[in-house]
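One file, input05.csv, carrying CSV, C-alpha atoms:
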```csv
chain,number,residue,atom,x,y,z
M,1,MET,CA,142.7,78.4,16.2
M,2,ASN,CA,141.8,81.4,14.1
M,3,THR,CA,139.1,80.4,11.7
M,4,ASN,CA,138.7,83.8,10.1
M,5,SER,CA,139.6,83.9,6.5
M,6,PRO,CA,139.5,86.7,3.8
M,7,LYS,CA,136.1,87.2,2.4
M,8,GLY,CA,135.1,88.5,-1.0
M,9,PHE,CA,132.6,91.3,-1.6
M,10,THR,CA,129.0,90.5,-0.7
M,11,LEU,CA,126.3,90.9,-3.4
M,12,ILE,CA,125.0,94.1,-1.8
M,13,GLU,CA,128.5,95.6,-1.7
M,14,THR,CA,129.0,94.7,-5.4
M,15,VAL,CA,125.7,96.2,-6.4
M,16,VAL,CA,126.5,99.4,-4.5
M,17,ALA,CA,130.0,99.6,-6.1
M,18,VAL,CA,128.5,99.1,-9.6
M,19,ALA,CA,125.8,101.8,-8.9
M,20,LEU,CA,128.5,104.3,-7.8
M,21,ILE,CA,130.6,103.6,-10.9
M,22,VAL,CA,127.6,103.9,-13.3
M,23,GLY,CA,126.5,107.1,-11.6
M,24,ALA,CA,130.0,108.5,-11.9
M,25,VAL,CA,130.1,107.7,-15.6
M,26,VAL,CA,126.5,108.4,-16.7
M,27,GLY,CA,126.2,111.8,-14.9
M,28,PRO,CA,129.0,113.5,-16.9
M,29,LEU,CA,127.9,111.9,-20.1
M,30,ALA,CA,124.3,113.2,-19.7
M,31,LEU,CA,125.8,116.7,-19.0
M,32,VAL,CA,127.9,116.5,-22.2
M,33,SER,CA,124.9,115.3,-24.2
M,34,GLN,CA,122.8,118.2,-22.9
M,35,ALA,CA,125.6,120.7,-23.6
M,36,LEU,CA,126.0,119.4,-27.2
M,37,PHE,CA,122.2,119.7,-27.8
M,38,SER,CA,122.1,123.2,-26.3
M,39,ALA,CA,125.0,124.3,-28.6
M,40,LYS,CA,123.3,122.8,-31.7
M,41,SER,CA,120.0,124.4,-30.7
M,42,SER,CA,121.7,127.8,-30.2
M,43,LYS,CA,123.3,127.5,-33.6
M,44,ASN,CA,119.9,126.8,-35.2
M,45,LYS,CA,118.4,129.8,-33.6
M,46,ILE,CA,121.2,132.1,-34.8
M,47,VAL,CA,120.9,130.8,-38.4
M,48,ALA,CA,117.1,131.1,-38.3
M,49,ALA,CA,117.4,134.7,-36.9
M,50,HIS,CA,119.8,135.7,-39.8
M,51,LEU,CA,117.5,134.1,-42.4
M,52,ALA,CA,114.5,135.9,-41.0
M,53,GLN,CA,116.3,139.2,-41.1
M,54,GLU,CA,117.5,138.4,-44.6
M,55,GLY,CA,113.9,138.0,-45.7
M,56,ILE,CA,113.2,141.6,-44.5
M,57,GLU,CA,116.3,143.0,-46.2
M,58,ILE,CA,115.4,141.4,-49.6
M,59,VAL,CA,111.9,143.0,-49.5
M,60,ARG,CA,113.6,146.3,-48.5
M,61,HIS,CA,115.9,146.0,-51.5
M,62,PHE,CA,112.9,145.4,-53.8
M,63,ARG,CA,111.2,148.6,-52.4
M,64,ASP,CA,114.4,150.6,-52.9
M,65,SER,CA,114.9,149.3,-56.4
M,66,ASN,CA,111.4,150.4,-57.4
M,67,ILE,CA,111.8,153.8,-55.9
M,68,LEU,CA,115.2,154.4,-57.5
M,69,ARG,CA,114.0,153.3,-60.9
M,70,ASP,CA,111.0,155.7,-60.8
M,71,SER,CA,111.3,158.6,-63.2
M,72,THR,CA,109.1,161.1,-65.0
M,73,SER,CA,109.7,159.4,-68.3
M,74,SER,CA,109.3,155.8,-66.9
M,75,PRO,CA,107.1,155.9,-63.8
M,76,VAL,CA,107.5,153.0,-61.4
M,77,PHE,CA,105.2,152.6,-58.4
M,78,TRP,CA,107.1,152.1,-55.2
M,79,ARG,CA,105.3,148.8,-54.6
M,80,GLY,CA,105.6,147.6,-58.2
M,81,THR,CA,102.6,146.5,-60.3
M,82,LEU,CA,100.7,143.3,-60.8
M,83,PRO,CA,101.2,141.6,-64.2
M,84,ASP,CA,98.6,142.4,-66.9
M,85,ASP,CA,96.3,139.6,-66.0
M,86,GLY,CA,96.4,140.5,-62.3
M,87,SER,CA,97.9,137.1,-61.2
M,88,ILE,CA,100.8,136.5,-58.8
M,89,ASP,CA,103.9,136.4,-60.9
M,90,GLN,CA,105.6,133.0,-60.6
M,91,GLY,CA,109.2,133.7,-61.5
M,92,CYS,CA,111.8,136.3,-62.3
M,93,VAL,CA,110.4,138.2,-65.3
M,94,LYS,CA,113.2,140.1,-67.0
M,95,GLN,CA,113.7,142.3,-70.0
M,96,ALA,CA,116.6,141.8,-72.4
M,97,GLY,CA,119.7,142.7,-70.6
M,98,GLY,CA,118.6,141.2,-67.2
M,99,ALA,CA,116.6,144.2,-65.8
M,100,PRO,CA,113.3,143.5,-64.0
M,101,GLU,CA,110.2,144.2,-66.1
M,102,THR,CA,109.1,147.8,-66.5
M,103,GLY,CA,106.4,147.6,-63.8
M,104,GLY,CA,108.9,147.1,-61.0
M,105,ILE,CA,109.2,144.4,-58.4
M,106,MET,CA,105.8,143.5,-57.0
M,107,LEU,CA,105.0,144.0,-53.3
M,108,PHE,CA,101.4,143.1,-52.7
M,109,GLU,CA,99.4,141.2,-50.1
M,110,LEU,CA,99.1,137.4,-50.5
M,111,ALA,CA,97.3,135.5,-47.8
M,112,ALA,CA,99.5,132.4,-48.1
M,113,GLY,CA,102.7,134.5,-47.9
M,114,TYR,CA,105.7,134.5,-50.1
M,115,GLU,CA,109.1,132.8,-50.4
M,116,VAL,CA,112.2,134.4,-51.6
M,117,ASP,CA,116.0,134.1,-51.6
M,118,VAL,CA,118.9,136.4,-52.4
M,119,ILE,CA,118.8,135.5,-56.1
M,120,ASP,CA,115.1,136.2,-56.7
M,121,CYS,CA,113.9,139.4,-58.4
M,122,ARG,CA,110.3,138.6,-57.5
M,123,LEU,CA,108.4,137.4,-54.5
M,124,THR,CA,106.8,134.0,-55.3
M,125,ALA,CA,104.0,132.2,-53.6
M,126,TYR,CA,105.0,130.2,-50.5
M,127,THR,CA,105.1,126.5,-51.1
M,128,GLY,CA,106.7,125.3,-47.8
M,129,ASP,CA,109.8,123.9,-49.5
M,130,PRO,CA,112.9,124.0,-47.4
M,131,LEU,CA,115.8,126.2,-48.2
M,132,SER,CA,118.7,124.3,-49.7
M,133,PHE,CA,122.3,124.6,-48.8
M,134,ASP,CA,124.5,125.2,-51.8
M,135,GLN,CA,127.9,123.6,-51.6
M,136,SER,CA,128.5,123.2,-55.3
M,137,GLY,CA,131.5,125.5,-55.2
M,138,GLY,CA,130.0,128.0,-57.6
M,139,ALA,CA,129.0,131.6,-57.2
M,140,ASN,CA,126.3,130.7,-54.7
M,141,ASN,CA,128.5,128.5,-52.6
M,142,ASN,CA,127.4,128.4,-48.9
M,143,LEU,CA,124.2,130.2,-49.5
M,144,LEU,CA,120.7,128.9,-48.4
M,145,LEU,CA,118.5,129.2,-51.5
M,146,ARG,CA,115.2,128.1,-52.8
M,147,PRO,CA,115.4,124.7,-54.5
M,148,ILE,CA,114.9,126.2,-57.9
M,149,HIS,CA,118.1,128.2,-57.5
M,150,CYS,CA,120.0,125.4,-55.8
M,151,SER,CA,120.5,122.6,-58.3
M,152,GLY,CA,124.2,122.0,-58.0
M,153,THR,CA,125.9,118.9,-56.5
M,154,PRO,CA,125.9,118.8,-53.6
M,155,CYS,CA,122.9,120.9,-52.9
M,156,ASP,CA,121.1,119.5,-49.8
M,157,PRO,CA,117.7,120.6,-48.3
M,158,SER,CA,118.2,122.3,-44.9
M,159,MET,CA,115.8,122.1,-42.0
M,160,PHE,CA,114.8,125.8,-42.5
M,161,ARG,CA,111.7,127.1,-44.2
M,162,ARG,CA,111.1,130.9,-44.7
M,163,LYS,CA,107.8,132.6,-45.3
M,164,VAL,CA,107.5,136.4,-45.9
M,165,THR,CA,104.1,138.1,-45.4
M,166,ILE,CA,103.2,141.6,-46.6
M,167,THR,CA,100.2,143.3,-45.0
M,168,ASP,CA,98.6,146.5,-45.9
M,169,PHE,CA,97.5,149.0,-43.3
M,170,LEU,CA,93.8,150.1,-43.4
M,171,PRO,CA,93.2,152.6,-46.2
M,172,GLY,CA,92.5,156.1,-45.0
M,173,GLY,CA,94.5,155.8,-41.8
M,174,PHE,CA,97.8,157.3,-41.0
M,175,GLU,CA,100.9,157.1,-38.7
M,176,ASP,CA,101.9,160.1,-36.6
M,177,ASP,CA,105.7,160.1,-36.4
M,178,PRO,CA,106.4,161.2,-32.8
M,179,VAL,CA,109.9,162.3,-33.7
M,180,SER,CA,109.4,164.4,-36.9
M,181,GLY,CA,105.7,165.1,-36.3
M,182,GLU,CA,105.1,163.9,-39.9
M,183,ILE,CA,101.8,162.4,-40.8
M,184,ILE,CA,102.3,159.3,-42.9
M,185,PRO,CA,99.3,157.9,-44.8
M,186,ASN,CA,98.7,154.2,-44.5
M,187,GLU,CA,98.9,153.9,-48.3
M,188,GLN,CA,102.6,155.0,-48.0
M,189,ARG,CA,103.7,152.1,-45.8
M,190,LEU,CA,103.4,148.3,-45.5
M,191,LEU,CA,104.1,145.7,-42.8
M,192,VAL,CA,106.6,142.9,-43.7
M,193,ILE,CA,106.8,139.8,-41.5
M,194,SER,CA,109.6,137.3,-42.1
M,195,GLN,CA,109.2,133.9,-40.4
M,196,VAL,CA,111.6,131.0,-40.3
M,197,PHE,CA,110.5,127.5,-39.3
M,198,TRP,CA,112.5,124.4,-38.4
M,199,VAL,CA,111.9,121.1,-36.5
M,200,GLU,CA,114.1,120.2,-33.6
M,201,LYS,CA,113.6,116.9,-31.8
M,202,GLY,CA,110.1,116.6,-33.2
M,203,VAL,CA,109.1,120.1,-32.1
M,204,THR,CA,108.5,122.9,-34.6
M,205,ARG,CA,110.4,126.0,-33.8
M,206,ASN,CA,110.1,129.4,-35.4
M,207,ILE,CA,111.6,132.9,-35.3
M,208,SER,CA,109.7,135.9,-36.6
M,209,VAL,CA,111.0,139.4,-37.5
M,210,GLN,CA,108.8,142.3,-38.6
M,211,GLU,CA,109.3,145.8,-39.9
M,212,THR,CA,107.3,148.6,-41.4
M,213,LEU,CA,108.6,149.8,-44.8
M,214,TYR,CA,107.8,153.2,-46.1
M,215,ASN,CA,107.7,155.0,-49.4
M,216,TRP,CA,110.6,157.3,-48.6
M,217,ARG,CA,110.5,159.4,-51.8
```
Could you spell out this file's structure in structure tokens?
Amino acid sequence: MNTNSPKGFTLIETVVAVALIVGAVVGPLALVSQALFSAKSSKNKIVAAHLAQEGIEIVRHFRDSNILRDSTSSPVFWRGTLPDDGSIDQGCVKQAGGAPETGGIMLFELAAGYEVDVIDCRLTAYTGDPLSFDQSGGANNNLLLRPIHCSGTPCDPSMFRRKVTITDFLPGGFEDDPVSGEIIPNEQRLLVISQVFWVEKGVTRNISVQETLYNWR
């Protein structure tokens, strides 16, 4: 008599089967999760790089504005001037009609660095406040601005902070341009560094861009 009868899976076979199924599901999910994080991280780096370069371009615009406004009748120093009391100007000082004050847009060293956005007509002392994303639908829609310029609804703080630092070269020195052979005194140039910071998975990241700006007149 045949006493053999169909048998179910043993415990070991069941555990092995479950492990194989879990491995087949978890592996691809982990890869997808990693891919999504990498894509988000790459996006953050691209945004930060553009914001850092924007900081340089804003200072370049300030320099050009000073130079272009200089005239024999109304002299404007290419780096602007400090206010009468010698303090760091905290705002956008304008004359009637919206033009920056006569002294030009100030470009001087400040140990703590500056913050600035595309609406500013002055560099203001760095506070560490995040740039805010304007989605109010107005003229500044989709721009990343300082909180003072982003008061619409919605206007949400972003993860990005930007600090711009201006550094003087040592007085009395010079740069020897290898292409033109021109000797450029240090007093006619300045170093601008634009840094953007953000936190990603608890780790602070940063991108830095620097450029030397000259008095081209």
Spatial neighbours of M:Asp176, 12 Å, only C-alpha atoms, chain gap at least 6 places, as a ChimeraX atom specification: /M:182-186
From M:Thr10, M:Pro157, M:Asn215, M:Gln195, residue lying nearest M:Ser65 [only C-alpha atoms]: M:Asn215
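Going from atom CA of M:Val59 over to atom CA of M:Tyr214, you cover 11.5 Å.
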Distance of atom CA of M:Pro154 from atom CA of M:Val116, expressed in Å to one decimal place: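 Rounded to one decimal, the two atoms are 20.9 Å apart.
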Selected residue of minimal separation from M:Asp129 among M:Leu213, M:Leu191, M:Ala111, M:Met159, counting only C-alpha atoms: M:Met159
Proximity to M:Arg122 - best of M:Val18, M:Val47, M:Ile58, M:Ile67, all atoms listed in the file: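 Closest candidate: M:Ile58.
Pairwise distance (atom CA of M:Ser151, atom CA of M:Trp198) equals 21.5 Å.
Remark: for M:Arg217, the closest of the candidate residues M:Thr204, M:Arg189, M:Ala49, M:Cys121 is M:Arg189 (distances computed over only C-alpha atoms).
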Long-range neighbours of M:Ile119 as a list in words, 12 Å cut-off, all atoms listed in the file, 4 positions minimum in chain: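 Close residues of M:Ile119: Glu54, Gly55, Ile58, His61, Phe62, Gly91, Cys92, Glu115, Leu123, Ala139, Asn140, Leu143, Leu144, Leu145, Arg146, Pro147, Ile148, His149 and Cys150 of chain M.
Counting all atoms listed in the file and comparing M:Glu200, M:Tyr114, M:Leu20, M:Pro178, the residue that lies closest to M:Ser42 is M:Glu200.
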Nearest to M:Asp64, chosen from M:Ile207, M:Ala52, M:Asn44, M:Ile105, with all atoms listed in the file counted in the distances: M:Ile105
Pull the closest atom pair for each residue of stretch 105-211 of chain M that gets at most 12 Å from stretch 74-77 of chain M, along with the distance in Å to one decimal, counting all atoms listed in the file, ordering rows by chain and then ascending residue number, as a tab-separated table.
```
residue	atom	partner	partner_atom	distance
M:Ile105	CA	M:Phe77	CA	9.1
M:Met106	CA	M:Phe77	CA	9.2
M:Leu107	CA	M:Phe77	CA	10.0
M:Phe108	CA	M:Phe77	CA	11.7
M:Glu187	CA	M:Phe77	CA	12.0
M:Gln188	CA	M:Phe77	CA	11.0
```
